[in-house]
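Engineer: Contents of target_28.tsv (TSV, C-alpha atoms) are below:
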chain	number	residue	atom	x	y	z
A	1	MET	CA	-3.99	22.07	-0.35
A	2	SER	CA	-6.46	20.75	2.19
A	3	THR	CA	-5.23	17.78	4.18
A	4	SER	CA	-8.58	16.12	3.52
A	5	GLU	CA	-7.88	15.62	-0.18
A	6	PRO	CA	-5.38	13.15	-1.66
A	7	THR	CA	-1.85	14.33	-2.33
A	8	VAL	CA	-1.95	12.34	-5.58
A	9	LEU	CA	-5.01	11.16	-7.47
A	10	ALA	CA	-4.73	9.48	-10.88
A	11	SER	CA	-7.62	8.04	-12.86
A	12	ALA	CA	-7.57	5.95	-16.05
A	13	LEU	CA	-3.96	6.95	-16.67
A	14	ASN	CA	-2.43	5.75	-19.94
A	15	TYR	CA	1.02	6.52	-21.29
A	16	ALA	CA	2.87	5.32	-24.37
A	17	PHE	CA	6.27	5.89	-25.96
A	18	SER	CA	6.40	6.32	-29.72
A	19	SER	CA	9.36	5.44	-31.94
A	20	GLY	CA	9.68	4.94	-35.68
A	21	GLY	CA	5.95	5.01	-36.26
A	22	SER	CA	5.21	2.40	-33.60
A	23	SER	CA	3.85	2.92	-30.10
A	24	LYS	CA	4.44	1.00	-26.87
A	25	ARG	CA	2.06	1.49	-23.96
A	26	VAL	CA	3.90	1.57	-20.63
A	27	LEU	CA	0.97	2.54	-18.37
A	28	ASP	CA	-2.44	1.02	-18.94
A	29	SER	CA	-5.62	2.29	-17.21
A	30	VAL	CA	-3.84	3.05	-13.93
A	31	ASP	CA	-5.94	4.29	-10.99
A	32	PHE	CA	-3.78	5.45	-8.10
A	33	GLU	CA	-3.96	7.71	-5.09
A	34	MET	CA	-1.92	8.76	-2.07
A	35	GLN	CA	-3.02	10.40	1.15
A	36	PRO	CA	-1.12	13.03	3.19
A	37	GLY	CA	1.51	11.38	5.39
A	38	GLU	CA	1.39	8.10	3.47
A	39	ILE	CA	4.50	6.21	2.36
A	40	VAL	CA	3.92	4.16	-0.79
A	41	ILE	CA	6.56	1.89	-2.30
A	42	VAL	CA	6.18	0.98	-5.98
A	43	THR	CA	7.86	-2.20	-7.09
A	44	GLY	CA	7.79	-4.49	-10.11
A	45	PRO	CA	10.01	-5.89	-12.86
A	46	SER	CA	12.08	-3.72	-15.18
A	47	GLY	CA	9.94	-2.07	-17.83
A	48	SER	CA	6.75	-2.32	-15.79
A	49	GLY	CA	6.13	1.46	-15.80
A	50	LYS	CA	7.42	2.39	-12.33
A	51	THR	CA	9.66	5.27	-13.35
A	52	THR	CA	7.13	6.53	-15.89
A	53	LEU	CA	4.51	6.74	-13.14
A	54	LEU	CA	6.98	8.55	-10.89
A	55	THR	CA	7.84	11.13	-13.53
A	56	LEU	CA	4.17	11.75	-14.35
A	57	VAL	CA	3.38	12.34	-10.68
A	58	GLY	CA	6.38	14.68	-10.53
A	59	ALA	CA	5.12	16.76	-13.48
A	60	LEU	CA	8.29	15.82	-15.38
A	61	ARG	CA	6.17	14.43	-18.21
A	62	SER	CA	2.85	15.64	-19.57
A	63	VAL	CA	-0.20	13.47	-19.06
A	64	GLN	CA	-1.29	11.88	-22.35
A	65	GLN	CA	-4.57	10.23	-21.34
A	66	GLY	CA	-6.51	10.21	-18.10
A	67	GLU	CA	-6.54	12.57	-15.15
A	68	MET	CA	-3.79	13.38	-12.65
A	69	PHE	CA	-4.16	15.65	-9.63
A	70	VAL	CA	-1.03	16.41	-7.60
A	71	LEU	CA	-1.12	18.70	-4.55
A	72	GLY	CA	-4.58	19.74	-5.68
A	73	LYS	CA	-3.41	20.77	-9.17
A	74	PRO	CA	-4.89	19.13	-12.32
A	75	LEU	CA	-1.67	18.20	-14.15
A	76	HIS	CA	-3.64	16.98	-17.18
A	77	GLN	CA	-4.87	20.54	-17.73
A	78	LEU	CA	-1.69	22.53	-17.05
A	79	ASP	CA	0.70	24.15	-19.50
A	80	LYS	CA	4.48	23.72	-19.24
A	81	ARG	CA	5.03	26.84	-17.11
A	82	SER	CA	2.38	25.71	-14.61
A	83	LEU	CA	3.96	22.24	-14.46
A	84	VAL	CA	7.26	23.91	-13.48
A	85	ASP	CA	5.46	25.64	-10.60
A	86	VAL	CA	4.16	22.27	-9.38
A	87	ARG	CA	7.65	20.75	-9.56
A	88	ARG	CA	8.92	23.45	-7.19
A	89	GLU	CA	6.57	22.07	-4.53
A	90	ILE	CA	7.97	18.52	-4.80
A	91	GLY	CA	11.14	16.98	-3.38
A	92	PHE	CA	12.99	14.76	-5.88
A	93	ILE	CA	15.52	12.04	-5.03
A	94	PHE	CA	16.85	10.33	-8.16
A	95	GLN	CA	19.76	7.98	-8.81
A	96	MET	CA	21.48	10.72	-10.79
A	97	HIS	CA	22.37	13.17	-8.04
A	98	ASN	CA	22.27	16.31	-10.23
A	99	LEU	CA	24.41	18.25	-7.77
A	100	PHE	CA	26.17	21.45	-8.81
A	101	ASP	CA	29.86	20.55	-9.06
A	102	ALA	CA	31.00	24.09	-8.32
A	103	LEU	CA	29.11	24.20	-5.00
A	104	SER	CA	29.90	22.50	-1.71
A	105	ALA	CA	27.51	20.05	-0.05
A	106	PHE	CA	26.34	22.88	2.21
A	107	GLU	CA	25.83	25.26	-0.72
A	108	ASN	CA	23.87	22.65	-2.72
A	109	VAL	CA	21.40	22.26	0.15
A	110	LYS	CA	21.43	25.98	0.94
A	111	MET	CA	20.50	26.85	-2.65
A	112	SER	CA	17.32	24.78	-2.36
A	113	LEU	CA	16.33	26.63	0.81
A	114	GLU	CA	17.06	30.04	-0.75
A	115	LEU	CA	14.17	29.49	-3.19
A	116	ARG	CA	11.90	30.17	-0.22
A	117	LYS	CA	11.71	33.27	1.97
A	118	TYR	CA	13.57	31.86	4.95
A	119	SER	CA	15.96	33.84	7.14
A	120	LYS	CA	19.70	33.37	6.61
A	121	GLU	CA	19.95	31.96	10.12
A	122	TYR	CA	17.29	29.31	9.46
A	123	ILE	CA	18.80	28.37	6.09
A	124	LYS	CA	22.23	27.78	7.64
A	125	LYS	CA	20.79	25.86	10.60
A	126	ARG	CA	18.53	23.66	8.47
A	127	ALA	CA	21.25	22.78	5.92
A	128	ILE	CA	23.82	21.86	8.58
A	129	GLU	CA	21.21	19.96	10.60
A	130	LEU	CA	20.21	17.75	7.66
A	131	LEU	CA	23.73	17.09	6.44
A	132	THR	CA	24.86	16.20	9.97
A	133	GLU	CA	21.93	13.85	10.48
A	134	LEU	CA	22.88	12.10	7.24
A	135	GLY	CA	26.46	11.60	8.43
A	136	LEU	CA	28.04	14.45	6.47
A	137	GLY	CA	28.66	16.91	9.27
A	138	GLU	CA	32.42	16.85	8.68
A	139	ARG	CA	32.06	17.14	4.91
A	140	ILE	CA	29.67	20.06	4.53
A	141	ASP	CA	32.37	22.10	2.75
A	142	TYR	CA	33.34	19.30	0.35
A	143	LYS	CA	32.42	19.61	-3.31
A	144	PRO	CA	30.77	16.64	-5.09
A	145	GLN	CA	33.99	15.49	-6.75
A	146	ALA	CA	35.54	14.96	-3.30
A	147	LEU	CA	32.61	12.82	-2.10
A	148	SER	CA	31.87	9.17	-2.73
A	149	GLY	CA	28.79	8.10	-4.68
A	150	GLY	CA	26.93	7.31	-1.48
A	151	GLN	CA	27.87	10.65	0.06
A	152	ARG	CA	26.69	12.54	-3.02
A	153	GLN	CA	23.42	10.64	-2.79
A	154	ARG	CA	22.99	11.79	0.81
A	155	VAL	CA	23.60	15.42	-0.21
A	156	ALA	CA	20.89	15.06	-2.85
A	157	ILE	CA	18.55	13.60	-0.23
A	158	ALA	CA	19.26	16.48	2.17
A	159	ARG	CA	18.50	18.94	-0.62
A	160	ALA	CA	15.21	17.18	-1.42
A	161	LEU	CA	14.08	17.17	2.22
A	162	ALA	CA	15.27	20.67	3.11
A	163	ASN	CA	12.00	22.50	2.42
A	164	LYS	CA	9.83	19.83	4.06
A	165	PRO	CA	7.85	19.30	0.83
A	166	GLN	CA	4.34	17.84	1.00
A	167	LEU	CA	5.33	15.30	-1.67
A	168	ILE	CA	8.64	13.50	-2.10
A	169	LEU	CA	9.42	11.29	-5.10
A	170	ALA	CA	12.36	8.93	-4.81
A	171	ASP	CA	13.81	6.56	-7.41
A	172	GLU	CA	16.01	3.93	-5.71
A	173	PRO	CA	17.05	6.34	-2.91
A	174	THR	CA	19.17	3.73	-1.10
A	175	ALA	CA	20.79	2.12	-4.15
A	176	ALA	CA	24.24	3.65	-3.53
A	177	LEU	CA	24.09	3.43	0.27
A	178	ASP	CA	25.32	0.82	2.72
A	179	ARG	CA	22.93	-0.73	5.22
A	180	GLU	CA	23.52	1.83	7.98
A	181	SER	CA	23.30	4.88	5.69
A	182	GLY	CA	20.25	3.46	3.93
A	183	ARG	CA	18.46	2.95	7.24
A	184	THR	CA	19.33	6.51	8.33
A	185	VAL	CA	17.84	7.87	5.12
A	186	VAL	CA	14.58	5.92	5.29
A	187	ASN	CA	14.15	6.72	8.98
A	188	LEU	CA	14.49	10.41	8.13
A	189	ILE	CA	11.98	10.05	5.31
A	190	GLN	CA	9.60	8.18	7.61
A	191	ARG	CA	9.85	10.87	10.28
A	192	LEU	CA	9.14	13.59	7.73
A	193	ALA	CA	6.03	11.73	6.63
A	194	LYS	CA	4.75	11.53	10.20
A	195	GLN	CA	5.72	14.97	11.45
A	196	GLU	CA	4.97	17.03	8.36
A	197	GLN	CA	2.26	14.81	6.83
A	198	SER	CA	4.41	14.57	3.69
A	199	SER	CA	3.50	11.90	1.17
A	200	ILE	CA	6.42	9.74	0.01
A	201	LEU	CA	6.40	7.79	-3.26
A	202	LEU	CA	9.38	5.43	-3.55
A	203	VAL	CA	10.42	3.23	-6.45
A	204	THR	CA	12.80	0.59	-5.13
A	205	HIS	CA	14.06	-2.97	-5.37
A	206	ASP	CA	15.64	-2.71	-1.89
A	207	ASN	CA	13.85	-5.23	0.32
A	208	ARG	CA	15.61	-3.76	3.37
A	209	ILE	CA	13.31	-0.72	3.40
A	210	LEU	CA	9.93	-2.30	2.69
A	211	ASP	CA	9.07	-2.08	6.39
A	212	ILE	CA	8.61	1.72	6.27
A	213	ALA	CA	5.79	1.50	3.72
A	214	ASP	CA	2.12	2.01	4.47
A	215	ARG	CA	1.32	0.44	1.10
A	216	ILE	CA	3.23	-1.59	-1.48
A	217	VAL	CA	2.02	-1.22	-5.07
A	218	THR	CA	3.21	-3.75	-7.65
A	219	LEU	CA	3.23	-2.77	-11.32
A	220	VAL	CA	3.40	-5.43	-14.02
A	221	ASP	CA	3.23	-4.59	-17.74
A	222	GLY	CA	1.91	-1.12	-16.99
A	223	ARG	CA	-0.95	-2.27	-14.77
A	224	ILE	CA	-1.33	-2.30	-11.01
A	225	GLU	CA	-1.24	-5.99	-10.13
A	226	SER	CA	-1.58	-5.46	-6.38
A	227	ASP	CA	-1.97	-2.62	-3.91
A	228	VAL	CA	-1.35	-3.90	-0.38
A	229	ASN	CA	-2.07	-1.90	2.76
A	230	LEU	CA	0.47	-3.34	5.21
A	231	ALA	CA	-1.23	-2.14	8.39
A	232	GLU	CA	-4.50	-3.59	7.17
A	233	ARG	CA	-2.79	-6.90	6.40
A	234	LEU	CA	-1.34	-7.04	9.91
A	235	ARG	CA	-4.79	-6.34	11.38
A	236	ILE	CA	-6.27	-9.14	9.28
A	237	CYS	CA	-3.54	-11.53	10.43
A	238	GLU	CA	-4.35	-10.71	14.04
A	239	ILE	CA	-8.08	-11.28	13.44
A	240	LEU	CA	-7.36	-14.63	11.76
A	241	ARG	CA	-4.97	-15.63	14.54
A	242	GLN	CA	-7.78	-15.19	17.07
A	243	THR	CA	-10.32	-17.08	14.93
A	244	PRO	CA	-10.57	-20.81	15.85
A	245	ALA	CA	-10.68	-21.97	12.22
A	246	PHE	CA	-7.27	-20.38	11.59
A	247	ARG	CA	-5.62	-20.92	14.98
A	248	SER	CA	-3.25	-23.67	13.86
A	249	LEU	CA	-1.89	-21.86	10.79
A	250	THR	CA	1.76	-20.84	10.78
A	251	PRO	CA	2.63	-17.11	10.58
A	252	GLY	CA	3.55	-17.60	6.92
A	253	GLU	CA	0.23	-19.27	6.15
A	254	LEU	CA	-1.65	-16.52	7.99
A	255	THR	CA	0.15	-13.83	6.01
A	256	GLU	CA	-0.59	-15.57	2.72
A	257	MET	CA	-4.23	-15.96	3.71
A	258	ALA	CA	-4.46	-12.28	4.68
A	259	GLU	CA	-3.18	-11.26	1.23
A	260	HIS	CA	-6.33	-12.71	-0.32
A	261	MET	CA	-8.84	-11.39	2.24
A	262	GLN	CA	-11.15	-8.48	1.43
A	263	ARG	CA	-13.01	-6.41	4.02
A	264	GLU	CA	-16.76	-6.10	3.47
A	265	THR	CA	-19.44	-4.24	5.44
A	266	PHE	CA	-23.15	-4.96	5.72
A	267	ALA	CA	-26.00	-2.93	7.21
A	268	LYS	CA	-28.48	-4.31	9.73
A	269	GLY	CA	-31.00	-6.51	7.91
A	270	ASP	CA	-28.74	-7.28	4.92
A	271	ALA	CA	-28.69	-10.88	3.68
A	272	ILE	CA	-24.98	-11.69	3.52
A	273	VAL	CA	-25.62	-15.09	1.93
A	274	ARG	CA	-28.90	-16.67	0.79
A	275	GLN	CA	-29.98	-20.29	0.86
A	276	GLY	CA	-30.03	-21.76	-2.64
A	277	GLU	CA	-27.36	-19.48	-4.07
A	278	ILE	CA	-24.11	-20.91	-5.40
A	279	GLY	CA	-21.41	-20.14	-2.84
A	280	ASP	CA	-18.54	-17.97	-4.00
A	281	ARG	CA	-17.00	-16.66	-0.73
A	282	LEU	CA	-16.10	-17.69	2.80
A	283	PHE	CA	-16.69	-15.10	5.52
A	284	VAL	CA	-14.88	-14.39	8.79
A	285	LEU	CA	-17.06	-12.27	11.06
A	286	GLN	CA	-14.95	-9.40	12.37
A	287	GLN	CA	-17.54	-7.25	14.12
A	288	GLY	CA	-21.28	-7.54	14.73
A	289	VAL	CA	-23.82	-10.35	15.05
A	290	VAL	CA	-25.51	-12.43	12.35
A	291	GLU	CA	-28.41	-14.88	12.50
A	292	VAL	CA	-28.40	-18.10	10.47
A	293	PHE	CA	-31.74	-19.32	9.04
A	294	HIS	CA	-32.49	-22.66	7.36
A	295	ASP	CA	-35.59	-23.49	5.32
A	296	ASP	CA	-36.28	-27.26	5.29
A	297	GLY	CA	-39.49	-26.93	3.30
A	298	ASP	CA	-41.72	-26.32	6.29
A	299	GLY	CA	-40.64	-22.73	6.73
A	300	SER	CA	-37.53	-20.84	7.75
A	301	ARG	CA	-36.16	-21.27	11.25
A	302	SER	CA	-33.23	-19.79	13.11
A	303	VAL	CA	-30.49	-22.35	13.70
A	304	ALA	CA	-27.61	-20.24	15.03
A	305	SER	CA	-26.46	-16.81	16.10
A	306	LEU	CA	-22.82	-15.99	15.28
A	307	GLU	CA	-20.58	-13.29	16.75
A	308	SER	CA	-17.12	-11.98	15.87
A	309	GLY	CA	-14.50	-14.65	15.29
A	310	ASN	CA	-16.91	-17.08	13.63
A	311	VAL	CA	-16.59	-18.41	10.09
A	312	PHE	CA	-19.55	-19.01	7.78
A	313	GLY	CA	-20.18	-19.85	4.15
A	314	GLU	CA	-17.73	-22.77	4.08
A	315	GLY	CA	-20.30	-25.46	3.23
A	316	ALA	CA	-21.12	-24.40	-0.31
A	317	LEU	CA	-17.43	-23.90	-1.06
A	318	LEU	CA	-16.56	-27.39	0.14
A	319	THR	CA	-19.34	-28.99	-1.92
A	320	SER	CA	-19.23	-26.55	-4.85
A	321	GLY	CA	-22.99	-26.47	-4.46
A	322	GLU	CA	-25.77	-24.25	-3.17
A	323	ARG	CA	-25.86	-22.43	0.13
A	324	ASN	CA	-27.83	-24.43	2.73
A	325	ALA	CA	-28.74	-21.43	4.88
A	326	THR	CA	-29.39	-17.69	4.82
A	327	VAL	CA	-27.28	-15.37	6.98
A	328	ILE	CA	-28.81	-12.04	8.04
A	329	ALA	CA	-26.94	-9.16	9.72
A	330	GLN	CA	-28.60	-8.39	13.07
A	331	GLU	CA	-26.66	-5.12	13.33
A	332	ASP	CA	-24.04	-3.36	11.24
A	333	VAL	CA	-21.47	-6.03	10.38
A	334	SER	CA	-17.83	-6.02	9.27
A	335	ALA	CA	-16.47	-9.24	7.78
A	336	LEU	CA	-13.45	-10.54	5.89
A	337	SER	CA	-14.18	-12.55	2.78
A	338	LEU	CA	-12.14	-15.13	0.87
A	339	THR	CA	-12.96	-16.17	-2.69
A	340	LYS	CA	-13.57	-19.83	-3.55
A	341	GLU	CA	-10.34	-19.97	-5.56
A	342	SER	CA	-8.26	-18.71	-2.61
A	343	PHE	CA	-10.24	-20.94	-0.23
A	344	ASP	CA	-9.45	-24.01	-2.33
A	345	GLN	CA	-5.77	-23.08	-2.46
A	346	ALA	CA	-5.70	-22.72	1.34
A	347	LEU	CA	-7.35	-26.13	1.80
A	348	ASN	CA	-4.81	-27.76	-0.49
A	349	SER	CA	-1.78	-26.07	1.07
A	350	SER	CA	-2.61	-26.39	4.78
A	351	VAL	CA	-3.65	-29.70	6.35
A	352	SER	CA	-4.53	-27.98	9.63
A	353	PHE	CA	-6.84	-25.46	7.94
A	354	ASN	CA	-8.44	-28.28	5.96
A	355	GLN	CA	-9.19	-30.21	9.14
A	356	GLU	CA	-10.53	-27.20	11.05
A	357	ILE	CA	-12.91	-26.26	8.21
A	358	LEU	CA	-14.14	-29.84	7.81
A	359	GLN	CA	-14.85	-30.04	11.53
A	360	ILE	CA	-16.83	-26.77	11.46
A	361	HIS	CA	-18.75	-28.01	8.42
A	362	PHE	CA	-19.52	-31.34	10.08
A	363	THR	CA	-20.81	-29.68	13.25
A	364	ARG	CA	-23.12	-27.38	11.30
A	365	THR	CA	-24.34	-30.13	8.98
A	366	ASN	CA	-25.16	-32.19	12.05
A	367	VAL	CA	-27.28	-29.32	13.40
A	368	LEU	CA	-29.21	-29.06	10.15
A	369	THR	CA	-29.62	-32.74	9.27
A	370	GLY	CA	-28.86	-34.74	12.41
A	371	SER	CA	-26.13	-36.69	10.57
A	372	PRO	CA	-24.22	-38.74	13.19
A	373	HIS	CA	-20.99	-39.33	11.24
A	374	PRO	CA	-18.14	-36.88	10.76
A	375	PRO	CA	-16.81	-36.32	7.25
A	376	GLN	CA	-13.71	-38.16	6.08
A	377	THR	CA	-10.58	-36.02	6.00
A	378	SER	CA	-8.76	-37.99	3.34
Show this structure as structure tokens.

Structural biologist:
Amino acid sequence: MSTSEPTVLASALNYAFSSGGSSKRVLDSVDFEMQPGEIVIVTGPSGSGKTTLLTLVGALRSVQQGEMFVLGKPLHQLDKRSLVDVRREIGFIFQMHNLFDALSAFENVKMSLELRKYSKEYIKKRAIELLTELGLGERIDYKPQALSGGQRQRVAIARALANKPQLILADEPTAALDRESGRTVVNLIQRLAKQEQSSILLVTHDNRILDIADRIVTLVDGRIESDVNLAERLRICEILRQTPAFRSLTPGELTEMAEHMQRETFAKGDAIVRQGEIGDRLFVLQQGVVEVFHDDGDGSRSVASLESGNVFGEGALLTSGERNATVIAQEDVSALSLTKESFDQALNSSVSFNQEILQIHFTRTNVLTGSPHPPQTS
């Protein structure tokens, strides 16, 4: 598989369980993808479709409707034997350990490695190395019955990671582990993702491990309710923190604001907003320069030039009326946008943001109309 293509790509995925003549849809029009080296955590309430999605990605169920590509293979077109071949390329970590009771911890991990054409020396070294790193170095010869639930889980994790698979699927991998063991496991998973460009798909309710994710996907009633890129959210928070209109927000308020921001790009010459249109978004200029034009009936004139860090589009949102100016990109522009609904929520929840926006609006209105009085903040 080329590293340039997604590890997982699902489109219009539907899945339903049938019983007694009735059918219950558990996945509804799901579009989902993962890139090489990406760690994605899937969360959501019980019955939201998390495990069903995981088993479809793992070729443990057949696709009913839609398309699913995993490791470059079209699962929706494969027969059962071909699905087995795909499963061999995936590392699985499930709550049920599925260890062989007759084999020691070392032998359980060794068996996974023996499916590949590795040397005996490498197999022994790799198995001992993983088990030791997971805190089982003194128990490599123990059979599952002699291990605790958490220790059996770590053996299963070692077995899943042994072949450095390009895709790892984990269902509550830290559920049976204490804090220290759980952190060891997720650190190992995170390192594998970085070093081997392995994609990791985790279903979990463990808030202790959310920090390793690149994205957090929330499923509700079989639909993706949110898909949050954490690095992007942090970048947005930093941009907002350096923007005067947002400078007095608390970290919590900034984070909440960032959740509702969308990144938009515009080419040189694009009209980002037009005078006379009903305003539907506020913009924070991230990169580039824009020119603001106002038409007072005697022709259009330039009234301002804005650079990164400036906010525009607030006037029409405050008044629920028409835009009073046109904003044109003077070069390629990147901006963050906030819908009117989210803007109104921010105004109502943060006094400081309310005051900053009103002050910006007053200053700009004064430029356009010469009004000498600031707006009331009550």

Engineer: Ranking A:Ala127, A:Ile189, A:Ile93, A:Leu115 by minimum distance to Pro173 of chain A and counting all atoms listed in the file, which one comes first?

Structural biologist: A:Ile93

Engineer: May I have the residues within 8 Å of Gly37 of chain A as a ChimeraX atom specification, using only C-alpha atoms and disregarding those fewer than 3 positions away in the same chain?

Structural biologist: /A:193-194,196-200

Engineer: Quick one: write out the picked residues with C-alpha atoms as a CSV table (one decimal), keeping the file's coordinate frame?

Structural biologist:
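Written output follows (again37.csv):
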chain,number,residue,atom,x,y,z
A,193,ALA,CA,6.0,11.7,6.6
A,194,LYS,CA,4.8,11.5,10.2
A,196,GLU,CA,5.0,17.0,8.4
A,197,GLN,CA,2.3,14.8,6.8
A,198,SER,CA,4.4,14.6,3.7
A,199,SER,CA,3.5,11.9,1.2
A,200,ILE,CA,6.4,9.7,0.0

Engineer: Just want the 9 Å neighbourhood of segment 43-53 of chain A, counted on all atoms listed in the file, with same-chain residues fewer than 2 positions away dropped. Output as a list in words.

Structural biologist: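 In the requested form, the answer reads Tyr15, Val26, Leu27, Ile41, Thr55, Leu56, Val57, Gly58, Arg61, Asp171, Leu202, Val203, Thr204, His205, Ile216, Val217, Thr218, Leu219, Val220, Asp221, Gly222 and Arg223 of chain A.
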
Engineer: For a quick check of your reading of the model, name the residues lying within 6 Å of the coordinate (32.1, 21.8, -2.0), counting all atoms listed in the file, and write them as an mmCIF file with C-alpha atoms, keeping the file's coordinate frame.

Structural biologist:
data_model
loop_
_atom_site.group_PDB
_atom_site.id
_atom_site.type_symbol
_atom_site.label_atom_id
_atom_site.label_comp_id
_atom_site.auth_asym_id
_atom_site.auth_seq_id
_atom_site.Cartn_x
_atom_site.Cartn_y
_atom_site.Cartn_z
ATOM 1 C CA LEU A 103 29.110 24.200 -5.000
ATOM 2 C CA SER A 104 29.900 22.500 -1.710
ATOM 3 C CA ALA A 105 27.510 20.050 -0.050
ATOM 4 C CA ASP A 141 32.370 22.100 2.750
ATOM 5 C CA TYR A 142 33.340 19.300 0.350
ATOM 6 C CA LYS A 143 32.420 19.610 -3.310
#

Engineer: Could you give me, as a PyMOL selection string, the residues within 12 Å of segment 72-74 of chain A, counting all atoms listed in the file and dropping anything in the same chain fewer than 4 positions from it?

Structural biologist: chain A and resi 1-11+34-36+56-59+62-63+66-68+78-79+82-87+89+166-167

Engineer: Pick out the residues sitting within 8 Å of Thr265 of chain A, and hand them over as a list in words; count all atoms listed in the file, and ignore anything fewer than 2 positions along from it in its own chain.

Structural biologist: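 Neighbouring residues, sequence-local ones excluded: Arg263, Ala267, Asp332, Val333, Ser334 and Ala335 of chain A.
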
Engineer: Would you save the residues from that selection as a short mmCIF file (atom, residue, chain, number, x, y, z; two decimals), keeping the file's coordinate frame, using C-alpha atoms?

Structural biologist:
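Result written to again.cif:
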data_model
loop_
_atom_site.label_atom_id
_atom_site.label_comp_id
_atom_site.auth_asym_id
_atom_site.auth_seq_id
_atom_site.Cartn_x
_atom_site.Cartn_y
_atom_site.Cartn_z
CA ARG A 263 -13.01 -6.41 4.02
CA ALA A 267 -26.00 -2.93 7.21
CA ASP A 332 -24.04 -3.36 11.24
CA VAL A 333 -21.47 -6.03 10.38
CA SER A 334 -17.83 -6.02 9.27
CA ALA A 335 -16.47 -9.24 7.78
#

Engineer: Please tabulate, as JSON lines, the residues of segment 251-316 of chain A that come within 12 Å of segment 344-362 of chain A, each with its closest pair of atoms and the distance in Å to one decimal, counting only C-alpha atoms and ordering rows by chain, then residue number upward.

Structural biologist:
{"residue": "A:Gly252", "atom": "CA", "partner": "A:Ser350", "partner_atom": "CA", "distance": 10.9}
{"residue": "A:Glu253", "atom": "CA", "partner": "A:Ser350", "partner_atom": "CA", "distance": 7.8}
{"residue": "A:Leu254", "atom": "CA", "partner": "A:Ala346", "partner_atom": "CA", "distance": 10.0}
{"residue": "A:Thr255", "atom": "CA", "partner": "A:Ala346", "partner_atom": "CA", "distance": 11.6}
{"residue": "A:Glu256", "atom": "CA", "partner": "A:Ala346", "partner_atom": "CA", "distance": 8.9}
{"residue": "A:Met257", "atom": "CA", "partner": "A:Ala346", "partner_atom": "CA", "distance": 7.3}
{"residue": "A:Ala258", "atom": "CA", "partner": "A:Ala346", "partner_atom": "CA", "distance": 11.0}
{"residue": "A:Glu259", "atom": "CA", "partner": "A:Ala346", "partner_atom": "CA", "distance": 11.7}
{"residue": "A:His260", "atom": "CA", "partner": "A:Ala346", "partner_atom": "CA", "distance": 10.2}
{"residue": "A:Met261", "atom": "CA", "partner": "A:Ala346", "partner_atom": "CA", "distance": 11.8}
{"residue": "A:Asp280", "atom": "CA", "partner": "A:Asp344", "partner_atom": "CA", "distance": 11.0}
{"residue": "A:Arg281", "atom": "CA", "partner": "A:Asp344", "partner_atom": "CA", "distance": 10.7}
{"residue": "A:Leu282", "atom": "CA", "partner": "A:Asp344", "partner_atom": "CA", "distance": 10.5}
{"residue": "A:Asn310", "atom": "CA", "partner": "A:Ile360", "partner_atom": "CA", "distance": 9.9}
{"residue": "A:Val311", "atom": "CA", "partner": "A:Ile360", "partner_atom": "CA", "distance": 8.5}
{"residue": "A:Phe312", "atom": "CA", "partner": "A:Ile360", "partner_atom": "CA", "distance": 9.0}
{"residue": "A:Gly313", "atom": "CA", "partner": "A:His361", "partner_atom": "CA", "distance": 9.3}
{"residue": "A:Glu314", "atom": "CA", "partner": "A:His361", "partner_atom": "CA", "distance": 6.9}
{"residue": "A:Gly315", "atom": "CA", "partner": "A:His361", "partner_atom": "CA", "distance": 6.0}
{"residue": "A:Ala316", "atom": "CA", "partner": "A:His361", "partner_atom": "CA", "distance": 9.7}

Engineer: Quote the spacing between atom CA of Glu238 of chain A and atom CA of Val284 of chain A in Å to one decimal place.

Structural biologist: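 So the two atoms, atom CA of Glu238 of chain A and atom CA of Val284 of chain A, lie 12.3 Å apart.
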
Engineer: Please indicate the distance in Å from atom CA of Ile236 of chain A to atom CA of Thr339 of chain A, rounded to one decimal place.

Structural biologist: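 Taking atom CA of Ile236 of chain A as the start and atom CA of Thr339 of chain A as the end point, the length is 15.4 Å.
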
Engineer: Set the distance at 10 Å and use only C-alpha atoms: which residues neighbour Ile212 of chain A once local chain neighbours fewer than 5 positions away are removed? I'd like the list as a CSV table (one decimal) with C-alpha atoms, keeping the file's coordinate frame.

Structural biologist:
chain,number,residue,atom,x,y,z
A,39,ILE,CA,4.5,6.2,2.4
A,40,VAL,CA,3.9,4.2,-0.8
A,41,ILE,CA,6.6,1.9,-2.3
A,183,ARG,CA,18.5,3.0,7.2
A,186,VAL,CA,14.6,5.9,5.3
A,187,ASN,CA,14.2,6.7,9.0
A,189,ILE,CA,12.0,10.0,5.3
A,190,GLN,CA,9.6,8.2,7.6
A,230,LEU,CA,0.5,-3.3,5.2

Engineer: Ranking A:Val70, A:Ala231, A:Ala304, A:Met111 by minimum distance to Ile123 of chain A and counting only C-alpha atoms, which one comes first?

Structural biologist: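 Closest residue, counting only C-alpha atoms: A:Met111.
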
Engineer: Quote the spacing between atom CA of Ser181 of chain A and atom CA of Gly150 of chain A in Å to one decimal place.

Structural biologist: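 It comes out at 8.4 Å.
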